[in-house]
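Q: upload_23.csv is reproduced below (CSV, C-alpha atoms and all ligand atoms).
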chain,number,residue,atom,x,y,z
A,1,MET,CA,74.4,195.4,29.2
A,2,THR,CA,75.5,195.9,25.7
A,3,ALA,CA,76.1,199.5,24.4
A,4,THR,CA,73.6,201.6,22.5
A,5,LEU,CA,74.6,201.5,18.8
A,6,ILE,CA,75.0,205.0,17.3
A,7,ASP,CA,73.5,204.6,13.9
A,8,GLY,CA,75.6,206.9,11.7
A,9,LYS,CA,74.0,205.7,8.6
A,10,ALA,CA,70.5,206.7,9.7
A,11,PHE,CA,71.7,209.9,11.3
A,12,ALA,CA,73.4,210.8,7.9
A,13,ALA,CA,70.3,210.0,6.0
A,14,SER,CA,68.2,212.3,8.1
A,15,LEU,CA,70.9,215.0,7.8
A,16,ARG,CA,70.8,214.7,4.0
A,17,GLN,CA,67.0,215.0,4.1
A,18,ARG,CA,67.3,218.3,6.0
A,19,ILE,CA,70.0,219.5,3.6
A,20,ALA,CA,67.8,218.6,0.5
A,21,THR,CA,65.0,220.7,1.9
A,22,GLN,CA,67.2,223.7,2.4
A,23,VAL,CA,68.8,223.2,-1.1
A,24,ALA,CA,65.2,223.3,-2.6
A,25,THR,CA,64.6,226.6,-0.8
A,26,LEU,CA,67.8,228.0,-2.2
A,27,LYS,CA,66.9,226.8,-5.7
A,28,GLU,CA,63.7,228.9,-5.5
A,29,LYS,CA,66.0,231.9,-5.2
A,30,GLY,CA,67.9,230.8,-8.3
A,31,ILE,CA,70.9,229.4,-6.4
A,32,THR,CA,72.1,225.9,-6.9
A,33,PRO,CA,75.0,224.8,-4.6
A,34,GLY,CA,77.9,223.2,-6.5
A,35,LEU,CA,80.6,220.8,-5.2
A,36,ALA,CA,83.8,220.1,-7.1
A,37,VAL,CA,85.8,217.0,-6.1
A,38,VAL,CA,89.3,216.6,-7.5
A,39,LEU,CA,90.9,213.1,-7.5
A,40,VAL,CA,94.6,212.7,-8.6
A,41,GLY,CA,95.6,209.2,-9.3
A,42,GLU,CA,93.8,205.8,-9.4
A,43,ASP,CA,93.6,204.7,-5.8
A,44,PRO,CA,90.6,202.3,-5.8
A,45,ALA,CA,89.4,203.2,-2.3
A,46,SER,CA,89.4,206.9,-3.1
A,47,GLN,CA,87.5,206.2,-6.3
A,48,VAL,CA,84.8,204.6,-4.3
A,49,TYR,CA,84.5,207.6,-1.9
A,50,VAL,CA,84.5,210.0,-4.9
A,51,ARG,CA,81.7,208.1,-6.6
A,52,SER,CA,79.5,208.0,-3.5
A,53,LYS,CA,80.1,211.7,-2.8
A,54,GLY,CA,79.1,212.5,-6.3
A,55,LYS,CA,75.9,210.4,-6.1
A,56,GLN,CA,74.8,211.9,-2.8
A,57,THR,CA,75.6,215.4,-4.0
A,58,LEU,CA,73.1,215.0,-6.8
A,59,GLU,CA,70.6,213.3,-4.5
A,60,VAL,CA,70.3,216.4,-2.3
A,61,GLY,CA,69.8,218.6,-5.4
A,62,MET,CA,73.3,220.1,-5.7
A,63,ASN,CA,75.5,220.2,-8.8
A,64,SER,CA,78.5,217.8,-8.7
A,65,TYR,CA,81.7,218.4,-10.7
A,66,GLU,CA,84.3,215.6,-10.8
A,67,HIS,CA,87.8,216.2,-11.9
A,68,LYS,CA,90.0,213.1,-12.3
A,69,LEU,CA,93.7,213.8,-13.1
A,70,PRO,CA,96.4,211.2,-13.8
A,71,GLU,CA,98.8,210.2,-11.1
A,72,ASP,CA,101.7,212.0,-12.8
A,73,THR,CA,100.0,215.3,-13.2
A,74,PRO,CA,102.4,218.2,-12.5
A,75,GLU,CA,101.6,220.1,-9.4
A,76,ALA,CA,101.3,223.3,-11.4
A,77,ASP,CA,98.4,221.8,-13.4
A,78,LEU,CA,96.6,220.9,-10.2
A,79,LEU,CA,97.1,224.5,-8.9
A,80,ALA,CA,95.8,225.8,-12.2
A,81,LEU,CA,92.7,223.7,-11.9
A,82,ILE,CA,92.2,224.9,-8.3
A,83,ASP,CA,92.5,228.5,-9.5
A,84,ARG,CA,89.8,227.9,-12.1
A,85,LEU,CA,87.5,226.4,-9.5
A,86,ASN,CA,88.2,229.3,-7.1
A,87,ASN,CA,87.0,231.7,-9.8
A,88,ASP,CA,84.0,229.7,-11.0
A,89,PRO,CA,80.8,231.1,-9.5
A,90,ALA,CA,79.0,227.8,-10.0
A,91,VAL,CA,81.4,226.1,-7.6
A,92,ASN,CA,80.7,226.7,-3.9
A,93,GLY,CA,82.8,223.9,-2.5
A,94,ILE,CA,86.1,222.4,-3.5
A,95,LEU,CA,87.5,219.1,-2.1
A,96,VAL,CA,90.9,217.7,-3.2
A,97,GLN,CA,91.0,214.1,-2.2
A,98,LEU,CA,93.9,213.2,0.1
A,99,PRO,CA,96.5,211.7,0.1
A,100,LEU,CA,98.0,213.3,-3.0
A,101,PRO,CA,100.8,211.7,-5.0
A,102,ARG,CA,104.2,212.0,-3.4
A,103,HIS,CA,105.6,214.6,-5.8
A,104,MET,CA,103.0,217.1,-4.6
A,105,ASP,CA,103.2,219.5,-1.7
A,106,GLU,CA,100.0,218.8,0.2
A,107,ALA,CA,100.0,221.9,2.3
A,108,ALA,CA,100.7,224.1,-0.8
A,109,VAL,CA,97.8,222.5,-2.7
A,110,ILE,CA,95.3,222.8,0.3
A,111,ASN,CA,96.3,226.4,0.9
A,112,ALA,CA,95.7,227.3,-2.7
A,113,ILE,CA,92.0,226.6,-2.3
A,114,ASP,CA,89.8,229.7,-1.6
A,115,PRO,CA,89.1,229.4,2.2
A,116,ALA,CA,85.5,230.3,1.6
A,117,LYS,CA,85.2,227.2,-0.7
A,118,ASP,CA,87.3,224.9,1.5
A,119,VAL,CA,84.6,222.5,2.5
A,120,ASP,CA,87.1,220.1,4.0
A,121,GLY,CA,88.2,222.9,6.5
A,122,PHE,CA,91.9,222.0,5.9
A,123,HIS,CA,93.1,225.5,4.8
A,124,ILE,CA,95.3,227.2,7.4
A,125,LEU,CA,92.9,230.1,7.6
A,126,ASN,CA,90.0,227.8,8.6
A,127,VAL,CA,92.3,225.9,11.0
A,128,GLY,CA,93.1,229.1,12.7
A,129,LEU,CA,89.5,230.4,12.8
A,130,LEU,CA,88.4,227.1,14.4
A,131,ALA,CA,91.2,227.2,17.0
A,132,THR,CA,90.3,230.8,18.0
A,133,GLY,CA,86.6,230.1,18.2
A,134,GLN,CA,85.7,232.1,15.1
A,135,LYS,CA,83.3,231.2,12.2
A,136,ALA,CA,85.2,228.7,10.1
A,137,MET,CA,84.6,225.8,7.7
A,138,VAL,CA,84.9,222.8,10.0
A,139,PRO,CA,86.4,219.5,8.9
A,140,CYS,CA,83.7,217.0,8.0
A,141,THR,CA,84.8,213.9,10.0
A,142,PRO,CA,85.1,215.7,13.3
A,143,LEU,CA,81.9,217.7,12.6
A,144,GLY,CA,80.0,214.4,12.1
A,145,CYS,CA,81.5,213.0,15.3
A,146,LEU,CA,80.5,216.1,17.2
A,147,MET,CA,76.9,215.9,15.9
A,148,MET,CA,76.6,212.3,17.0
A,149,LEU,CA,78.1,213.0,20.5
A,150,ARG,CA,75.8,215.9,21.1
A,151,ASP,CA,72.8,213.8,20.0
A,152,GLN,CA,73.9,211.0,22.4
A,153,LEU,CA,75.0,213.0,25.4
A,154,GLY,CA,73.3,216.3,25.2
A,155,SER,CA,75.9,218.6,26.8
A,156,LEU,CA,79.6,217.6,26.5
A,157,SER,CA,80.5,220.2,29.2
A,158,GLY,CA,82.9,218.9,31.9
A,159,LYS,CA,83.2,215.4,30.3
A,160,ARG,CA,86.7,213.9,30.0
A,161,ALA,CA,87.5,213.3,26.3
A,162,VAL,CA,90.4,211.3,25.0
A,163,VAL,CA,91.2,211.6,21.2
A,164,VAL,CA,93.7,208.9,20.0
A,165,GLY,CA,95.4,210.4,17.0
A,166,ARG,CA,96.7,213.8,16.2
A,167,SER,CA,96.4,214.2,12.4
A,168,ASN,CA,95.4,217.5,10.9
A,169,ILE,CA,92.4,216.0,9.3
A,170,VAL,CA,90.8,214.1,12.2
A,171,GLY,CA,92.6,214.2,15.7
A,172,LYS,CA,93.4,217.9,16.0
A,173,PRO,CA,90.2,219.4,14.7
A,174,MET,CA,88.2,216.8,16.8
A,175,ALA,CA,90.0,218.0,19.9
A,176,GLN,CA,89.2,221.6,19.0
A,177,LEU,CA,85.5,220.9,18.7
A,178,LEU,CA,85.4,219.0,21.9
A,179,LEU,CA,87.2,221.8,23.7
A,180,ARG,CA,84.8,224.3,22.2
A,181,ASP,CA,82.0,222.3,23.8
A,182,SER,CA,83.8,222.5,27.2
A,183,ALA,CA,85.0,218.9,27.4
A,184,THR,CA,88.3,218.3,29.1
A,185,VAL,CA,90.4,217.1,26.2
A,186,THR,CA,93.5,214.9,26.0
A,187,ILE,CA,95.1,214.2,22.6
A,188,ALA,CA,97.0,210.9,22.6
A,189,HIS,CA,99.4,209.6,19.9
A,190,SER,CA,102.1,207.0,19.3
A,191,ARG,CA,104.4,208.4,22.0
A,192,THR,CA,101.7,208.6,24.7
A,193,ALA,CA,102.6,206.8,27.9
A,194,ASP,CA,100.1,204.4,29.5
A,195,LEU,CA,97.6,204.7,26.7
A,196,PRO,CA,95.2,202.0,28.1
A,197,ASP,CA,95.1,203.8,31.5
A,198,LEU,CA,94.5,207.1,29.9
A,199,CYS,CA,91.7,205.8,27.7
A,200,ARG,CA,90.1,204.2,30.8
A,201,GLN,CA,89.5,207.7,32.2
A,202,ALA,CA,87.6,208.9,29.1
A,203,ASP,CA,83.8,209.5,29.2
A,204,ILE,CA,84.2,210.2,25.5
A,205,LEU,CA,86.8,208.1,23.6
A,206,VAL,CA,87.5,208.9,19.9
A,207,ALA,CA,89.8,206.5,18.0
A,208,ALA,CA,91.5,207.9,14.9
A,209,VAL,CA,94.6,205.8,14.6
A,210,GLY,CA,94.4,203.8,11.4
A,211,ARG,CA,95.1,200.4,13.0
A,212,PRO,CA,92.5,197.7,13.0
A,213,HIS,CA,91.0,196.8,16.4
A,214,PHE,CA,93.7,198.9,18.2
A,215,VAL,CA,91.6,200.1,21.1
A,216,GLN,CA,90.9,197.1,23.3
A,217,GLY,CA,87.7,196.4,25.2
A,218,ASP,CA,89.4,196.8,28.6
A,219,TRP,CA,90.6,200.3,27.7
A,220,VAL,CA,87.0,201.5,27.7
A,221,LYS,CA,85.5,203.1,30.8
A,222,PRO,CA,82.2,201.4,31.7
A,223,GLY,CA,79.4,203.5,30.2
A,224,ALA,CA,81.7,205.6,28.0
A,225,THR,CA,80.7,206.9,24.5
A,226,VAL,CA,83.1,205.5,21.9
A,227,ILE,CA,83.5,207.0,18.5
A,228,ASP,CA,85.4,204.8,16.0
A,229,VAL,CA,86.8,206.9,13.1
A,230,GLY,CA,89.0,204.1,11.7
A,231,ILE,CA,88.5,202.7,8.2
A,232,ASN,CA,90.7,199.7,7.8
A,233,ARG,CA,90.3,197.2,4.9
A,234,THR,CA,91.3,193.7,6.2
A,235,ASP,CA,90.7,190.1,5.1
A,236,ASP,CA,87.6,190.2,7.4
A,237,GLY,CA,86.3,193.3,5.5
A,238,LEU,CA,86.0,196.9,6.6
A,239,VAL,CA,86.9,197.3,10.4
A,240,GLY,CA,87.4,200.2,12.7
A,241,ASP,CA,90.2,201.1,15.1
A,242,VAL,CA,88.2,199.7,18.1
A,243,ASP,CA,87.8,196.1,19.0
A,244,PHE,CA,84.1,196.5,18.5
A,245,ALA,CA,82.8,193.1,19.8
A,246,ALA,CA,84.7,193.6,23.1
A,247,ALA,CA,84.1,197.3,23.5
A,248,ARG,CA,80.3,197.1,23.0
A,249,GLN,CA,80.0,194.9,26.1
A,250,ILE,CA,81.5,197.8,28.2
A,251,ALA,CA,80.7,201.1,26.5
A,252,GLY,CA,77.4,203.0,27.0
A,253,ALA,CA,77.2,203.9,23.3
A,254,ILE,CA,79.4,203.1,20.3
A,255,THR,CA,79.6,203.8,16.6
A,256,PRO,CA,79.9,200.7,14.3
A,257,VAL,CA,82.2,200.4,11.2
A,258,PRO,CA,80.9,200.5,8.6
A,259,GLY,CA,77.7,202.6,9.2
A,260,GLY,CA,79.1,205.0,11.8
A,261,VAL,CA,81.4,208.0,11.2
A,262,GLY,CA,81.9,207.3,7.4
A,263,PRO,CA,78.4,208.2,6.2
A,264,MET,CA,78.3,211.2,8.5
A,265,THR,CA,81.6,212.5,6.9
A,266,ILE,CA,79.9,212.6,3.5
A,267,ALA,CA,76.7,214.1,4.9
A,268,CYS,CA,78.8,216.9,6.6
A,269,LEU,CA,80.6,217.5,3.3
A,270,LEU,CA,77.2,218.3,1.8
A,271,ALA,CA,76.3,220.4,4.9
A,272,ASN,CA,79.5,222.4,4.5
A,273,THR,CA,78.8,222.9,0.8
A,274,LEU,CA,75.4,224.3,1.7
A,275,THR,CA,76.9,226.6,4.4
A,276,ALA,CA,79.6,227.8,2.0
A,277,THR,CA,76.8,228.6,-0.6
A,278,ALA,CA,74.7,230.5,1.9
A,279,ARG,CA,77.7,232.6,3.0
A,280,ALA,CA,78.8,233.3,-0.6
A,281,ASN,CA,75.3,234.7,-1.2
A,282,GLY,CA,75.2,236.8,2.0
A,283,LEU,CA,72.5,234.5,3.6
A,284,PRO,CA,72.5,233.4,7.2
A,285,ASP,CA,74.1,230.0,8.0
A,286,PRO,CA,71.7,227.1,7.5
A,287,GLU,CA,70.1,225.9,10.8
A,288,GLY,CA,71.8,223.1,12.7
A,289,LEU,CA,74.7,222.4,10.2
A,290,THR,CA,77.5,224.3,11.9
A,291,PRO,CA,79.0,223.7,15.4
B,301,LIG,N1,85.4,207.6,8.7
B,301,LIG,C1,85.9,208.7,8.0
B,301,LIG,O1,85.2,209.4,7.4
B,301,LIG,C2,87.4,208.8,8.0
B,301,LIG,C3,88.2,207.9,8.4
B,301,LIG,N2,89.6,208.0,8.5
B,301,LIG,C4,90.3,206.9,9.1
B,301,LIG,O2,90.7,207.3,10.4
B,301,LIG,C5,91.9,206.7,10.8
B,301,LIG,C6,92.9,207.8,11.1
B,301,LIG,O3,93.1,208.6,10.0
B,301,LIG,P1,94.2,209.8,10.0
B,301,LIG,O4,93.9,210.7,11.2
B,301,LIG,O5,94.2,210.4,8.7
B,301,LIG,O6,95.5,209.0,10.2
B,301,LIG,P2,97.0,209.4,10.4
B,301,LIG,O7,97.8,208.2,10.0
B,301,LIG,O8,97.3,210.7,9.8
B,301,LIG,O9,97.2,209.6,12.0
B,301,LIG,C7,97.1,208.5,12.8
B,301,LIG,C8,97.4,208.9,14.3
B,301,LIG,O10,97.4,207.8,15.1
B,301,LIG,C9,98.5,207.8,15.9
B,301,LIG,N3,99.0,206.5,16.2
B,301,LIG,C10,99.5,205.6,15.4
B,301,LIG,N4,99.9,204.5,16.0
B,301,LIG,C11,99.6,204.7,17.3
B,301,LIG,C12,99.8,203.9,18.5
B,301,LIG,N5,100.4,202.7,18.5
B,301,LIG,N6,99.4,204.4,19.7
B,301,LIG,C13,98.8,205.6,19.7
B,301,LIG,N7,98.6,206.4,18.6
B,301,LIG,C14,99.0,205.9,17.5
B,301,LIG,C15,99.6,208.6,15.2
B,301,LIG,O11,100.5,209.1,16.1
B,301,LIG,P3,101.8,209.9,15.7
B,301,LIG,O12,101.3,211.3,15.3
B,301,LIG,O13,102.6,209.9,16.9
B,301,LIG,O14,102.4,209.2,14.5
B,301,LIG,C16,98.7,209.6,14.4
B,301,LIG,O15,98.6,210.8,15.2
B,301,LIG,C17,92.3,205.9,9.5
B,301,LIG,O16,91.8,204.5,9.7
B,301,LIG,C18,91.6,206.5,8.4
B,301,LIG,O17,91.3,205.6,7.4
B,301,LIG,C19,90.1,209.2,8.1
B,301,LIG,C20,89.4,210.2,7.6
B,301,LIG,C21,88.0,210.1,7.5
B,302,LIG,N1,90.2,215.7,1.2
B,302,LIG,C1,89.7,214.6,1.8
B,302,LIG,N2,88.6,214.7,2.6
B,302,LIG,C2,88.1,213.6,3.2
B,302,LIG,O1,87.1,213.7,3.9
B,302,LIG,C3,88.8,212.3,2.9
B,302,LIG,C4,89.9,212.3,2.1
B,302,LIG,N3,90.3,213.5,1.5
B,302,LIG,N4,90.5,211.1,1.9
B,302,LIG,C5,90.0,209.9,2.4
B,302,LIG,C6,89.3,210.1,3.7
B,302,LIG,C7,88.4,208.9,4.1
B,302,LIG,N5,87.0,209.4,4.0
B,302,LIG,C8,85.9,208.6,4.1
B,302,LIG,C9,84.6,209.1,3.8
B,302,LIG,C10,83.5,208.2,3.8
B,302,LIG,C11,83.6,206.9,4.3
B,302,LIG,C12,82.4,206.1,4.3
B,302,LIG,O2,81.4,206.5,3.9
B,302,LIG,N6,82.5,204.8,4.8
B,302,LIG,C13,81.5,203.8,4.8
B,302,LIG,C14,81.8,202.6,4.1
B,302,LIG,C15,82.3,202.7,2.7
B,302,LIG,C16,82.9,201.4,2.2
B,302,LIG,O3,82.3,200.4,2.3
B,302,LIG,O4,84.0,201.5,1.7
B,302,LIG,C17,81.2,203.5,6.3
B,302,LIG,O5,82.1,203.7,7.1
B,302,LIG,O6,80.1,203.0,6.5
B,302,LIG,C18,84.9,206.5,4.6
B,302,LIG,C19,86.0,207.3,4.6
B,302,LIG,C20,87.1,210.7,3.7
B,302,LIG,N7,88.3,211.2,3.5
In structure tokens, what does this structure look like?
Ligand SMILES: NC(=O)C1=CN([C@@H]2O[C@H](COP(=O)(O)OP(=O)(O)OC[C@H]3O[C@@H](n4cnc5c(N)ncnc54)[C@H](OP(=O)(O)O)[C@@H]3O)[C@@H](O)[C@H]2O)C=CC1
Ligand SMILES: Nc1nc(=O)c2c([nH]1)NC[C@@H]1CN(c3ccc(C(=O)N[C@@H](CCC(=O)O)C(=O)O)cc3)C=[N+]21
A:
Amino acid sequence: MTATLIDGKAFAASLRQRIATQVATLKEKGITPGLAVVLVGEDPASQVYVRSKGKQTLEVGMNSYEHKLPEDTPEADLLALIDRLNNDPAVNGILVQLPLPRHMDEAAVINAIDPAKDVDGFHILNVGLLATGQKAMVPCTPLGCLMMLRDQLGSLSGKRAVVVGRSNIVGKPMAQLLLRDSATVTIAHSRTADLPDLCRQADILVAAVGRPHFVQGDWVKPGATVIDVGINRTDDGLVGDVDFAAARQIAGAITPVPGGVGPMTIACLLANTLTATARANGLPDPEGLTP
């Protein structure tokens, strides 16, 4: 039996459709959500993401504001731009593309964003709200993974989940969301002992490592749901962190790369922008877009 393919591209398209409908309703009230994306430097991969984010933002009926700054921009200039965006009522969401140039203090920049406009969910206030089970802005990649897992499995309660990777942008918030849904969660990383054995216990296996084909087919529990967050550019094109060809023979369901988590990340960014806009206007959270 080969695994069910979890079609992130189609899931994201239907999510964007729902978002577009809700944006249209807001516009009737005279409210147009606005998303500002800030890119510092010339990284070609980042430019691709920023372009597709901008395009999809417009497609759902939101306003898109792009700010491209040169690589050698002083940190103070970036902080001044963030301050302007924080105070601009047309801007409901702010995303500063990471990684930042080495001369900048990433934490200081992220924490300068108004937490209510922090559509990445990286601000320490949002991290703390998520960790304590309060209403937060939730990081887009883990939120997209959660939506696909719930769609695939229904309840996650009591399932054993292993998250490989402990970054602030993927691994840790993914673990928080799984825990909130009452999965039994283990976070693995580069110092984890017996990683293959640990992975073999997982009903839900999330790979966010940044190494092409790192998770082997025989690390997968038969029937498990495998979420591949990895985006690795190789000579064979874009590949994930999971040996997809081998894993799909064993898993119950698996996300492909491309066409899995990536498109859901961008759709969830639009979802968060809509949520931030609703909250800024004292409206209830949009249906089905928050965890
Ligand atoms: N699809 C999408 O929308 C997105 C995809 N990504 C992709 O996801 C991947 C992960 O991203 P990100 O979390 O930012 O990456 P980081 O580099 O910040 O974190 C990688 C994690 O993997 C762990 N790791 C590295 N080597 C090993 C190993 N040999 N065994 C076990 N664990 C290991 C590291 O452990 P340690 O902490 O011990 O060093 C670290 O916790 C990347 O491919 C990235 O491109 C990222 C964001 C969004
Ligand atoms: N502040 C910030 N927030 C982020 O969310 C953020 C970031 N910085 N820096 C970079 C990473 C990476 N990331 C991706 C988004 C979409 C795809 C995506 O749509 N991928 C397509 C393929 C696109 C292609 O072909 O290159 C897919 O997987 O099908 C991938 C990766 C968001 N990130």
Q: For stretch 54-79 of chain A versus stretch 267-270 of chain A, which residues have an atom no more than 9 Å away, and what is each residue's nearest atom pair and distance in Å rounded to one decimal, using all atoms listed in the file, chain-then-number order, as JSON lines?
A:
{"residue": "A:Gln56", "atom": "CA", "partner": "A:Ala267", "partner_atom": "CA", "distance": 8.2}
{"residue": "A:Thr57", "atom": "CA", "partner": "A:Leu270", "partner_atom": "CA", "distance": 6.7}
{"residue": "A:Val60", "atom": "CA", "partner": "A:Leu270", "partner_atom": "CA", "distance": 8.2}
{"residue": "A:Met62", "atom": "CA", "partner": "A:Leu270", "partner_atom": "CA", "distance": 8.6}
Q: Please compute the atom CA of A:Val239-atom C2 of ligand LIG 302 (chain B) distance, one decimal, in Å.
A: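 It comes out at 17.9 Å.
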Q: Between atom CA of A:Arg102 and atom CA of A:Pro70, what distance in Å does the model show, to one decimal?
A: 13.0 Å
Q: Report as a VMD selection string all protein, DNA and RNA residues lying within 12 Å of A:Val23, evaluated on all atoms listed in the file, omitting residues in the same chain fewer than 6 positions from it.
A: chain A and resid 16 to 17 29 to 34 57 to 63 270 to 271 273 to 275 277 to 278 286
Q: Could you pull the residues within 9 Å of A:Pro256, counting only C-alpha atoms, minus those fewer than 5 positions along the same chain, as a list in words?
A: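 Here the answer would be Leu5, Ile6, Asp7, Gly8, Ile227, Asp228, Val239, Gly240, Phe244 and Val261 of chain A.
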Q: Would you mind listing what lies within 10 Å of A:Pro142 as a ChimeraX atom specification, with all atoms listed in the file counted and same-chain residues fewer than 4 positions away left out?
A: /A:138,146-148,169-178,206,229,261,264-265,268
Q: Pick out the residues sitting within 10 Å of stretch 132-135 of chain A, and hand them over as a PDB file with C-alpha atoms, in the coordinates of the input; count all atoms listed in the file, and ignore anything fewer than 6 positions along from it in its own chain.
A:
ATOM      1  CA  ASN A 126      90.000 227.800   8.600  1.00  0.00           C
ATOM      2  CA  GLN A 176      89.200 221.600  19.000  1.00  0.00           C
ATOM      3  CA  LEU A 177      85.500 220.900  18.700  1.00  0.00           C
ATOM      4  CA  LEU A 179      87.200 221.800  23.700  1.00  0.00           C
ATOM      5  CA  ARG A 180      84.800 224.300  22.200  1.00  0.00           C
ATOM      6  CA  THR A 290      77.500 224.300  11.900  1.00  0.00           C
ATOM      7  CA  PRO A 291      79.000 223.700  15.400  1.00  0.00           C
TER       8      PRO A 291
END
Q: When you look at A:Ile82 with a cut-off of 12 Å (counting all atoms listed in the file), what residues show up, excluding the ones that are within fewer than 6 positions of it in the same chain? I need them as a list in words.
A: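 These residues fall inside the cut-off: Ala36, Val37, Val38, Leu39, His67, Glu75, Ala76, Asp88, Val91, Gly93, Ile94, Leu95, Val96, Ala108, Val109, Ile110, Asn111, Ala112, Ile113, Asp114, Pro115, Lys117 and Asp118 of chain A.
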Q: Let me make sure I understand: among A:Pro139, A:Gly154, A:Gly210, A:Gly223, which one has the smallest atom-to-atom distance to ligand LIG 301 (chain B) if we use only C-alpha atoms and all ligand atoms?
A: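 Using only C-alpha atoms and all ligand atoms, the shortest distance to ligand LIG 301 (chain B) belongs to A:Gly210.
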Q: Please compute the atom CA of A:Gln97-atom C10 of ligand LIG 301 (chain B) distance, one decimal, in Å.
A: 21.3 Å
Q: Under the rule that all atoms listed in the file are counted, which of A:Gly158, A:Pro263, A:Gly165, A:Gly288 is the nearest residue to A:Val215?
A: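 Closest candidate: A:Gly165.
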Q: Measuring between all atoms listed in the file, which one of A:Pro74, A:Gly237, A:Gly262, A:Pro212 shows the shortest distance to ligand LIG 301 (chain B)?
A: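 Smallest separation from ligand LIG 301 (chain B) among the options: A:Gly262.
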Q: Restricting the calculation to only C-alpha atoms, which member of A:Gln152, A:Arg191, A:Asp181, A:Ser157 is positioned closest to A:Ala3?
A: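 When distances to A:Ala3 are compared using only C-alpha atoms, the smallest one comes from A:Gln152.
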Q: I need the residue nearest A:Gln22 from this list: A:Ala224, A:Leu289, A:Ala107, A:Ile187. Use all atoms listed in the file for the distance.
A: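 Checking each of A:Ala224, A:Leu289, A:Ala107, A:Ile187 against A:Gln22, counting all atoms listed in the file, the winner is A:Leu289.
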Q: So, with only C-alpha atoms and all ligand atoms as the atoms that count, which of A:Leu69, A:Val185, A:Ala45, A:Leu156 lies closest to ligand LIG 301 (chain B)?
A: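 Using only C-alpha atoms and all ligand atoms, ligand LIG 301 (chain B) sits closest to A:Ala45.
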